[in-house]
Protein chains: 2
Amino acid sequence: MADIKSGVNLLFLREEELRQGIEMLFFAYRDFTAEPDVILADYGFGRAHHRVIYFVGRSPGITVSDLLATLGITKQSLSRVLSQLVTEGFIIQTPGLRDRRQRLLELTEKGVALERQLTEEQRQRIARAYREAGAEAVQGFRKVMLGLIDEKDRARFPQRLPARVPPRGRS
Amino acid sequence: MADIKSGVNLLFLREEELRQGIEMLFFAYRDFTAEPDVILADYGFGRAHHRVIYFVGRSPGITVSDLLATLGITKQSLSRVLSQLVTEGFIIQTPGLRDRRQRLLELTEKGVALERQLTEEQRQRIARAYREAGAEAVQGFRKVMLGLIDEKDRARFPQRLPARVPPRGRS
DNA sequence: GATTTTATGTCAGCCATATTGACTTATTTA
DNA sequence: TAAATAAGTCAATATGGCTGACATAAAATC
């Protein structure tokens with residue numbers, strides 16, 4: 001009887017633990033995106049604009065194809081948002097040197113400023129959470145998060161020394 | 001010079017680490033919601049339906065107000081989704097006993113079955129990530145995630161022994 | 001007992017973001 | 001030269017949010 005009861009209890013705890021995991025992801029993502037949304041509204045932009053600005057800022061000179069793959073949306077969806085950002089001077093497109101079909105994307109100064117403004121609060125939120133949790137907890141956080149992410153995207157997260165493309169490779 | 005260089009390096013690592021944090025959240029959330037979406041499409045439902053089914057399943061007998069607060073949307077937004085789920089027999093509403101203005105929400109058998117089907121993959125994804133990362137990492141993950149979540153929502157995540165409302169309190 | 005507040009629901013319209021499908025243009029590759 | 005690729009566009013559609021205004025029933029308060 002004690003065995004059964006404890007077995008049930010373990011199952012319950014496990015179920016509860018997994019559900020909490022699901023919900024933590026939901027609430028964290030929600031709260032995490034809420035703050036930039038307020039700023040974006042001032043510009044008449046939405047969350048989609050933020051994502052584009054973020055990833056272009058992250059990888060200056062990124063191609064449209066790569067950006068599409070990163071965002072996981074269709075080019076038609078990207079089109080509106082991207083052309084808006086280009087028209088309003090937050091992003092510039094320059095033809096690729098090796099392949100002139102490509103249009104490499106970069107933030108303008110204005111774009112960099114907006115990216116900073118948008119991401120700053122998120123950066124602070126993460127920094128605070130990391131600081132309060134401690135280095136060991138951060139390692140655990142990374143480990144679990146990587147396990148949650150599809151295998152194909154894990155390569156985006158090198159443990160150390162990202163060996164990234166040098167900033168502003170062209171020009 | 002060594003000091004400056006190492007200071008810059010530290011800043012760079014910190015920046016890189018924070019950006020990876022932002023991105024892990026983005027990709028984890030995206031991959032996490034992708035699988036249920038496929039199933040939902042079979043029913044003509046969207047992600048919003050999933051969230052309603054999930055939280056009603058999580059707290060049987062929840063009031064509409066509480067559900068709204070949990071989801072963080074307006075009643076007009078909830079309305080479409082909820083009435084669809086009620087009409088199609090996934091959720092039943094029963095008047096509150098103490099306050100007959102309330103309409104307490106519960107999953108039907110059909111609703112429970114769908115909830116299981118939808119959440120099962122997510123549960124497995126979390127379970128796998130937890131298992132592979134280990135108990136210590138999971139503690140770190142929880143710590144950081146809680147730090148990312150707005151203070152007002154942290155009470156949803158008791159460390160142990162949730163002391164939840166007994167399932168099916170009424171009837 | 002009358003009035004106010006609360007819980008819920010509904011109608012209408014608007015906006016952002018995503019989708020699919022079809023087609024175009026320029027450039028590179030085979 | 002022909003085929004494949006990178007990027008863009010037009011059109012139609014779906015989903016999921018939003019605001020505002022109004023309605024009903026029940027509870028709480030004066």
# chains A, B, ... in the order shown; residues from 1 in each chain; ligands from 1

$ closest_atom_pairs --of "chain B" --to "chain D" --cutoff "12 Å" --atoms "only C-alpha atoms (C1' of nucleotides)" --output "JSON lines"
{"residue": "B:Ala41", "atom": "CA", "partner": "D:DA14", "partner_atom": "C1'", "distance": 11.5}
{"residue": "B:Gly44", "atom": "CA", "partner": "D:DA14", "partner_atom": "C1'", "distance": 10.4}
{"residue": "B:Phe45", "atom": "CA", "partner": "D:DT15", "partner_atom": "C1'", "distance": 9.3}
{"residue": "B:Gly46", "atom": "CA", "partner": "D:DT15", "partner_atom": "C1'", "distance": 7.2}
{"residue": "B:Arg47", "atom": "CA", "partner": "D:DG16", "partner_atom": "C1'", "distance": 8.9}
{"residue": "B:Ala48", "atom": "CA", "partner": "D:DG16", "partner_atom": "C1'", "distance": 7.3}
{"residue": "B:His49", "atom": "CA", "partner": "D:DG16", "partner_atom": "C1'", "distance": 10.3}
{"residue": "B:Leu71", "atom": "CA", "partner": "D:DG17", "partner_atom": "C1'", "distance": 12.0}
{"residue": "B:Gly72", "atom": "CA", "partner": "D:DG17", "partner_atom": "C1'", "distance": 10.8}
{"residue": "B:Ile73", "atom": "CA", "partner": "D:DG17", "partner_atom": "C1'", "distance": 7.9}
{"residue": "B:Thr74", "atom": "CA", "partner": "D:DC18", "partner_atom": "C1'", "distance": 8.1}
{"residue": "B:Lys75", "atom": "CA", "partner": "D:DC18", "partner_atom": "C1'", "distance": 10.7}
{"residue": "B:Gln76", "atom": "CA", "partner": "D:DC18", "partner_atom": "C1'", "distance": 8.9}
{"residue": "B:Ser77", "atom": "CA", "partner": "D:DG17", "partner_atom": "C1'", "distance": 6.7}
{"residue": "B:Leu78", "atom": "CA", "partner": "D:DG16", "partner_atom": "C1'", "distance": 9.5}
{"residue": "B:Ser79", "atom": "CA", "partner": "D:DG16", "partner_atom": "C1'", "distance": 11.4}
{"residue": "B:Arg80", "atom": "CA", "partner": "D:DG16", "partner_atom": "C1'", "distance": 9.7}
{"residue": "B:Val81", "atom": "CA", "partner": "D:DG16", "partner_atom": "C1'", "distance": 9.4}
{"residue": "B:Pro95", "atom": "CA", "partner": "D:DA26", "partner_atom": "C1'", "distance": 11.2}
{"residue": "B:Gly96", "atom": "CA", "partner": "D:DA26", "partner_atom": "C1'", "distance": 11.1}
{"residue": "B:Leu97", "atom": "CA", "partner": "D:DA26", "partner_atom": "C1'", "distance": 12.0}
{"residue": "B:Arg98", "atom": "CA", "partner": "D:DA27", "partner_atom": "C1'", "distance": 10.1}
{"residue": "B:Asp99", "atom": "CA", "partner": "D:DA27", "partner_atom": "C1'", "distance": 7.6}
{"residue": "B:Arg100", "atom": "CA", "partner": "D:DA26", "partner_atom": "C1'", "distance": 6.6}
{"residue": "B:Arg101", "atom": "CA", "partner": "D:DA26", "partner_atom": "C1'", "distance": 5.5}
{"residue": "B:Gln102", "atom": "CA", "partner": "D:DA26", "partner_atom": "C1'", "distance": 9.2}

$ residues_around --residues "Val86 in chain A" --least-positions-apart "3" --cutoff "12 Å" --atoms "only C-alpha atoms (C1' of nucleotides)" --output "tab-separated table (two decimals) with C-alpha atoms, in the first residue's frame"
chain	number	residue	atom	x	y	z
A	49	HIS	CA	9.34	44.26	-36.60
A	52	VAL	CA	13.53	41.45	-37.76
A	53	ILE	CA	15.44	44.31	-36.15
A	56	VAL	CA	19.51	41.85	-38.41
A	78	LEU	CA	8.52	39.09	-43.98
A	79	SER	CA	8.01	41.34	-46.96
A	80	ARG	CA	5.60	43.83	-45.43
A	81	VAL	CA	7.55	44.19	-42.24
A	82	LEU	CA	10.95	44.39	-43.89
A	83	SER	CA	9.97	46.85	-46.59
A	89	GLY	CA	15.18	54.04	-42.66
A	90	PHE	CA	15.83	51.46	-39.96
A	91	ILE	CA	17.42	48.92	-42.27
A	92	ILE	CA	19.48	49.23	-45.43
A	93	GLN	CA	19.86	46.63	-48.13
A	94	THR	CA	23.06	46.32	-50.13
A	103	ARG	CA	20.33	41.78	-50.60
A	104	LEU	CA	22.36	41.92	-47.45
A	105	LEU	CA	20.60	43.50	-44.53
A	106	GLU	CA	22.01	45.86	-41.95
A	107	LEU	CA	20.69	48.22	-39.35
A	108	THR	CA	21.17	51.93	-39.96
A	110	LYS	CA	18.54	54.74	-36.46
A	111	GLY	CA	17.98	51.00	-36.54

$ select_by_dssp --residues "range 25-68 of chain A" --states "helix (DSSP H, G or I)" --output "PyMOL selection string"
chain A and resi 25-43+47-58+64-68

$ interface_residues --of "chain C" --to "chain A" --cutoff "9 Å" --atoms "only C-alpha atoms (C1' of nucleotides)" --output "NGL selection string"
:C and (16-19 or 26-28)

$ closest_atom_pairs --of "chain A" --to "chain B" --cutoff "6 Å" --atoms "only C-alpha atoms" --output "Markdown table"
| residue | atom | partner | partner_atom | distance |
| --- | --- | --- | --- | --- |
| A:Ala28 | CA | B:Ile149 | CA | 4.8 |
| A:Ala129 | CA | B:Gly147 | CA | 4.5 |
| A:Ala133 | CA | B:Val144 | CA | 5.7 |
| A:Ala137 | CA | B:Gly140 | CA | 3.5 |
| A:Gly140 | CA | B:Ala137 | CA | 3.5 |
| A:Phe141 | CA | B:Phe141 | CA | 3.7 |
| A:Lys143 | CA | B:Ala133 | CA | 5.8 |
| A:Val144 | CA | B:Ala129 | CA | 5.5 |
| A:Gly147 | CA | B:Ala129 | CA | 4.5 |
| A:Leu148 | CA | B:Ala28 | CA | 5.7 |
| A:Ile149 | CA | B:Ala28 | CA | 4.8 |

$ write_last_selection --atoms "N, CA and C atoms" --output "PDB file, in the first residue's frame"
ATOM      1  N   ALA A  28       6.936  33.162 -19.065  1.00  0.00           N
ATOM      2  CA  ALA A  28       8.202  33.844 -19.310  1.00  0.00           C
ATOM      3  C   ALA A  28       8.189  34.494 -20.685  1.00  0.00           C
ATOM      4  N   ALA A 129      17.818  38.130 -13.859  1.00  0.00           N
ATOM      5  CA  ALA A 129      17.470  36.742 -13.548  1.00  0.00           C
ATOM      6  C   ALA A 129      18.732  35.887 -13.395  1.00  0.00           C
ATOM      7  N   ALA A 133      20.030  34.268  -9.906  1.00  0.00           N
ATOM      8  CA  ALA A 133      20.019  32.804  -9.831  1.00  0.00           C
ATOM      9  C   ALA A 133      21.424  32.236  -9.606  1.00  0.00           C
ATOM     10  N   ALA A 137      23.129  27.985 -11.663  1.00  0.00           N
ATOM     11  CA  ALA A 137      21.743  27.898 -12.138  1.00  0.00           C
ATOM     12  C   ALA A 137      21.665  28.257 -13.618  1.00  0.00           C
ATOM     13  N   GLY A 140      22.485  25.362 -15.678  1.00  0.00           N
ATOM     14  CA  GLY A 140      21.346  24.444 -15.718  1.00  0.00           C
ATOM     15  C   GLY A 140      20.257  24.950 -16.644  1.00  0.00           C
ATOM     16  N   PHE A 141      20.009  26.237 -16.564  1.00  0.00           N
ATOM     17  CA  PHE A 141      19.016  26.868 -17.434  1.00  0.00           C
ATOM     18  C   PHE A 141      19.365  26.625 -18.901  1.00  0.00           C
ATOM     19  N   LYS A 143      21.260  24.352 -20.199  1.00  0.00           N
ATOM     20  CA  LYS A 143      21.195  22.926 -20.514  1.00  0.00           C
ATOM     21  C   LYS A 143      19.757  22.518 -20.845  1.00  0.00           C
ATOM     22  N   VAL A 144      18.836  22.923 -19.982  1.00  0.00           N
ATOM     23  CA  VAL A 144      17.439  22.536 -20.187  1.00  0.00           C
ATOM     24  C   VAL A 144      16.862  23.220 -21.423  1.00  0.00           C
ATOM     25  N   GLY A 147      17.849  21.593 -24.511  1.00  0.00           N
ATOM     26  CA  GLY A 147      17.114  20.339 -24.692  1.00  0.00           C
ATOM     27  C   GLY A 147      15.710  20.562 -25.223  1.00  0.00           C
ATOM     28  N   LEU A 148      15.166  21.728 -24.945  1.00  0.00           N
ATOM     29  CA  LEU A 148      13.806  22.033 -25.401  1.00  0.00           C
ATOM     30  C   LEU A 148      13.787  22.466 -26.865  1.00  0.00           C
ATOM     31  N   ILE A 149      14.927  22.992 -27.307  1.00  0.00           N
ATOM     32  CA  ILE A 149      15.007  23.516 -28.667  1.00  0.00           C
ATOM     33  C   ILE A 149      15.266  22.390 -29.657  1.00  0.00           C
TER      34      ILE A 149
END

$ atom_distance --atom1 "C1' of DT24 in chain C" --atom2 "CA of Gln84 in chain A"
21.2 Å

$ decode --residues "range 39-87 of chain B" --atoms "N, CA and C atoms" --output "mmCIF file, in the first residue's frame"
data_model
loop_
_atom_site.group_PDB
_atom_site.id
_atom_site.type_symbol
_atom_site.label_atom_id
_atom_site.label_comp_id
_atom_site.auth_asym_id
_atom_site.auth_seq_id
_atom_site.Cartn_x
_atom_site.Cartn_y
_atom_site.Cartn_z
ATOM 1 N N ILE B 39 -1.775 19.229 -34.759
ATOM 2 C CA ILE B 39 -2.977 18.530 -34.308
ATOM 3 C C ILE B 39 -4.176 19.470 -34.315
ATOM 4 N N LEU B 40 -3.944 20.674 -33.809
ATOM 5 C CA LEU B 40 -5.027 21.653 -33.721
ATOM 6 C C LEU B 40 -5.651 21.907 -35.087
ATOM 7 N N ALA B 41 -4.799 21.945 -36.107
ATOM 8 C CA ALA B 41 -5.289 22.217 -37.458
ATOM 9 C C ALA B 41 -6.341 21.187 -37.880
ATOM 10 N N ASP B 42 -6.180 19.933 -37.441
ATOM 11 C CA ASP B 42 -7.151 18.881 -37.777
ATOM 12 C C ASP B 42 -8.540 19.218 -37.255
ATOM 13 N N TYR B 43 -8.586 19.933 -36.159
ATOM 14 C CA TYR B 43 -9.865 20.266 -35.542
ATOM 15 C C TYR B 43 -10.357 21.644 -35.981
ATOM 16 N N GLY B 44 -9.565 22.307 -36.782
ATOM 17 C CA GLY B 44 -9.924 23.665 -37.155
ATOM 18 C C GLY B 44 -9.695 24.644 -36.017
ATOM 19 N N PHE B 45 -8.826 24.258 -35.111
ATOM 20 C CA PHE B 45 -8.531 25.120 -33.970
ATOM 21 C C PHE B 45 -7.164 25.772 -34.126
ATOM 22 N N GLY B 46 -6.909 26.770 -33.297
ATOM 23 C CA GLY B 46 -5.616 27.443 -33.312
ATOM 24 C C GLY B 46 -4.983 27.373 -31.942
ATOM 25 N N ARG B 47 -3.899 28.095 -31.810
ATOM 26 C CA ARG B 47 -3.133 28.081 -30.573
ATOM 27 C C ARG B 47 -3.963 28.603 -29.389
ATOM 28 N N ALA B 48 -4.843 29.528 -29.704
ATOM 29 C CA ALA B 48 -5.674 30.114 -28.648
ATOM 30 C C ALA B 48 -6.572 29.039 -28.024
ATOM 31 N N HIS B 49 -7.093 28.146 -28.862
ATOM 32 C CA HIS B 49 -7.921 27.057 -28.331
ATOM 33 C C HIS B 49 -7.099 26.177 -27.391
ATOM 34 N N HIS B 50 -5.877 25.917 -27.800
ATOM 35 C CA HIS B 50 -5.013 25.080 -26.977
ATOM 36 C C HIS B 50 -4.828 25.685 -25.591
ATOM 37 N N ARG B 51 -4.565 26.969 -25.566
ATOM 38 C CA ARG B 51 -4.326 27.616 -24.276
ATOM 39 C C ARG B 51 -5.549 27.519 -23.374
ATOM 40 N N VAL B 52 -6.716 27.726 -23.964
ATOM 41 C CA VAL B 52 -7.946 27.629 -23.166
ATOM 42 C C VAL B 52 -8.116 26.207 -22.646
ATOM 43 N N ILE B 53 -7.992 25.242 -23.527
ATOM 44 C CA ILE B 53 -8.135 23.841 -23.120
ATOM 45 C C ILE B 53 -7.108 23.499 -22.051
ATOM 46 N N TYR B 54 -5.893 23.983 -22.259
ATOM 47 C CA TYR B 54 -4.850 23.665 -21.286
ATOM 48 C C TYR B 54 -5.214 24.177 -19.900
ATOM 49 N N PHE B 55 -5.552 25.453 -19.800
ATOM 50 C CA PHE B 55 -5.739 26.044 -18.473
ATOM 51 C C PHE B 55 -7.046 25.601 -17.829
ATOM 52 N N VAL B 56 -8.043 25.289 -18.623
ATOM 53 C CA VAL B 56 -9.268 24.724 -18.049
ATOM 54 C C VAL B 56 -8.969 23.319 -17.525
ATOM 55 N N GLY B 57 -8.176 22.583 -18.272
ATOM 56 C CA GLY B 57 -7.791 21.246 -17.806
ATOM 57 C C GLY B 57 -6.945 21.323 -16.545
ATOM 58 N N ARG B 58 -6.153 22.334 -16.481
ATOM 59 C CA ARG B 58 -5.267 22.520 -15.344
ATOM 60 C C ARG B 58 -6.046 22.873 -14.082
ATOM 61 N N SER B 59 -7.075 23.677 -14.216
ATOM 62 C CA SER B 59 -7.869 24.116 -13.064
ATOM 63 C C SER B 59 -9.350 23.911 -13.316
ATOM 64 N N PRO B 60 -9.809 22.681 -13.194
ATOM 65 C CA PRO B 60 -11.221 22.409 -13.472
ATOM 66 C C PRO B 60 -12.109 23.241 -12.560
ATOM 67 N N GLY B 61 -13.146 23.839 -13.116
ATOM 68 C CA GLY B 61 -14.054 24.669 -12.338
ATOM 69 C C GLY B 61 -13.609 26.128 -12.292
ATOM 70 N N ILE B 62 -12.597 26.465 -13.061
ATOM 71 C CA ILE B 62 -12.096 27.846 -13.096
ATOM 72 C C ILE B 62 -13.185 28.789 -13.626
ATOM 73 N N THR B 63 -13.216 29.993 -13.102
ATOM 74 C CA THR B 63 -14.194 30.963 -13.596
ATOM 75 C C THR B 63 -13.663 31.643 -14.849
ATOM 76 N N VAL B 64 -14.563 32.252 -15.567
ATOM 77 C CA VAL B 64 -14.172 32.975 -16.775
ATOM 78 C C VAL B 64 -13.200 34.106 -16.424
ATOM 79 N N SER B 65 -13.480 34.806 -15.344
ATOM 80 C CA SER B 65 -12.589 35.906 -14.921
ATOM 81 C C SER B 65 -11.174 35.418 -14.669
ATOM 82 N N ASP B 66 -11.086 34.319 -13.930
ATOM 83 C CA ASP B 66 -9.760 33.803 -13.612
ATOM 84 C C ASP B 66 -9.037 33.340 -14.867
ATOM 85 N N LEU B 67 -9.787 32.737 -15.770
ATOM 86 C CA LEU B 67 -9.178 32.292 -17.016
ATOM 87 C C LEU B 67 -8.668 33.492 -17.809
ATOM 88 N N LEU B 68 -9.459 34.540 -17.840
ATOM 89 C CA LEU B 68 -9.043 35.761 -18.541
ATOM 90 C C LEU B 68 -7.759 36.320 -17.939
ATOM 91 N N ALA B 69 -7.710 36.345 -16.627
ATOM 92 C CA ALA B 69 -6.523 36.875 -15.956
ATOM 93 C C ALA B 69 -5.295 36.016 -16.273
ATOM 94 N N THR B 70 -5.501 34.716 -16.307
ATOM 95 C CA THR B 70 -4.395 33.802 -16.600
ATOM 96 C C THR B 70 -3.884 34.000 -18.021
ATOM 97 N N LEU B 71 -4.815 34.103 -18.950
ATOM 98 C CA LEU B 71 -4.430 34.218 -20.350
ATOM 99 C C LEU B 71 -3.931 35.625 -20.684
ATOM 100 N N GLY B 72 -4.431 36.610 -19.958
ATOM 101 C CA GLY B 72 -4.024 37.981 -20.229
ATOM 102 C C GLY B 72 -4.593 38.517 -21.521
ATOM 103 N N ILE B 73 -5.823 38.151 -21.845
ATOM 104 C CA ILE B 73 -6.487 38.682 -23.041
ATOM 105 C C ILE B 73 -7.841 39.258 -22.622
ATOM 106 N N THR B 74 -8.529 39.879 -23.586
ATOM 107 C CA THR B 74 -9.835 40.466 -23.271
ATOM 108 C C THR B 74 -10.929 39.410 -23.404
ATOM 109 N N LYS B 75 -12.057 39.698 -22.793
ATOM 110 C CA LYS B 75 -13.141 38.719 -22.845
ATOM 111 C C LYS B 75 -13.664 38.550 -24.260
ATOM 112 N N GLN B 76 -13.563 39.638 -25.046
ATOM 113 C CA GLN B 76 -14.017 39.526 -26.434
ATOM 114 C C GLN B 76 -13.143 38.557 -27.224
ATOM 115 N N SER B 77 -11.852 38.577 -26.909
ATOM 116 C CA SER B 77 -10.941 37.650 -27.588
ATOM 117 C C SER B 77 -11.213 36.217 -27.143
ATOM 118 N N LEU B 78 -11.448 36.069 -25.847
ATOM 119 C CA LEU B 78 -11.710 34.727 -25.332
ATOM 120 C C LEU B 78 -13.011 34.184 -25.877
ATOM 121 N N SER B 79 -13.982 35.077 -25.983
ATOM 122 C CA SER B 79 -15.342 34.687 -26.338
ATOM 123 C C SER B 79 -15.420 33.751 -27.548
ATOM 124 N N ARG B 80 -14.812 34.202 -28.642
ATOM 125 C CA ARG B 80 -14.899 33.406 -29.874
ATOM 126 C C ARG B 80 -14.418 31.984 -29.652
ATOM 127 N N VAL B 81 -13.227 31.920 -29.058
ATOM 128 C CA VAL B 81 -12.587 30.627 -28.855
ATOM 129 C C VAL B 81 -13.378 29.762 -27.879
ATOM 130 N N LEU B 82 -13.763 30.368 -26.769
ATOM 131 C CA LEU B 82 -14.447 29.598 -25.734
ATOM 132 C C LEU B 82 -15.803 29.097 -26.213
ATOM 133 N N SER B 83 -16.567 29.971 -26.855
ATOM 134 C CA SER B 83 -17.905 29.533 -27.268
ATOM 135 C C SER B 83 -17.812 28.433 -28.326
ATOM 136 N N GLN B 84 -16.761 28.509 -29.132
ATOM 137 C CA GLN B 84 -16.541 27.430 -30.097
ATOM 138 C C GLN B 84 -16.291 26.104 -29.376
ATOM 139 N N LEU B 85 -15.458 26.166 -28.350
ATOM 140 C CA LEU B 85 -15.123 24.950 -27.612
ATOM 141 C C LEU B 85 -16.342 24.400 -26.867
ATOM 142 N N VAL B 86 -17.198 25.302 -26.383
ATOM 143 C CA VAL B 86 -18.412 24.868 -25.695
ATOM 144 C C VAL B 86 -19.386 24.262 -26.704
ATOM 145 N N THR B 87 -19.581 24.971 -27.808
ATOM 146 C CA THR B 87 -20.509 24.499 -28.844
ATOM 147 C C THR B 87 -20.116 23.113 -29.359
#
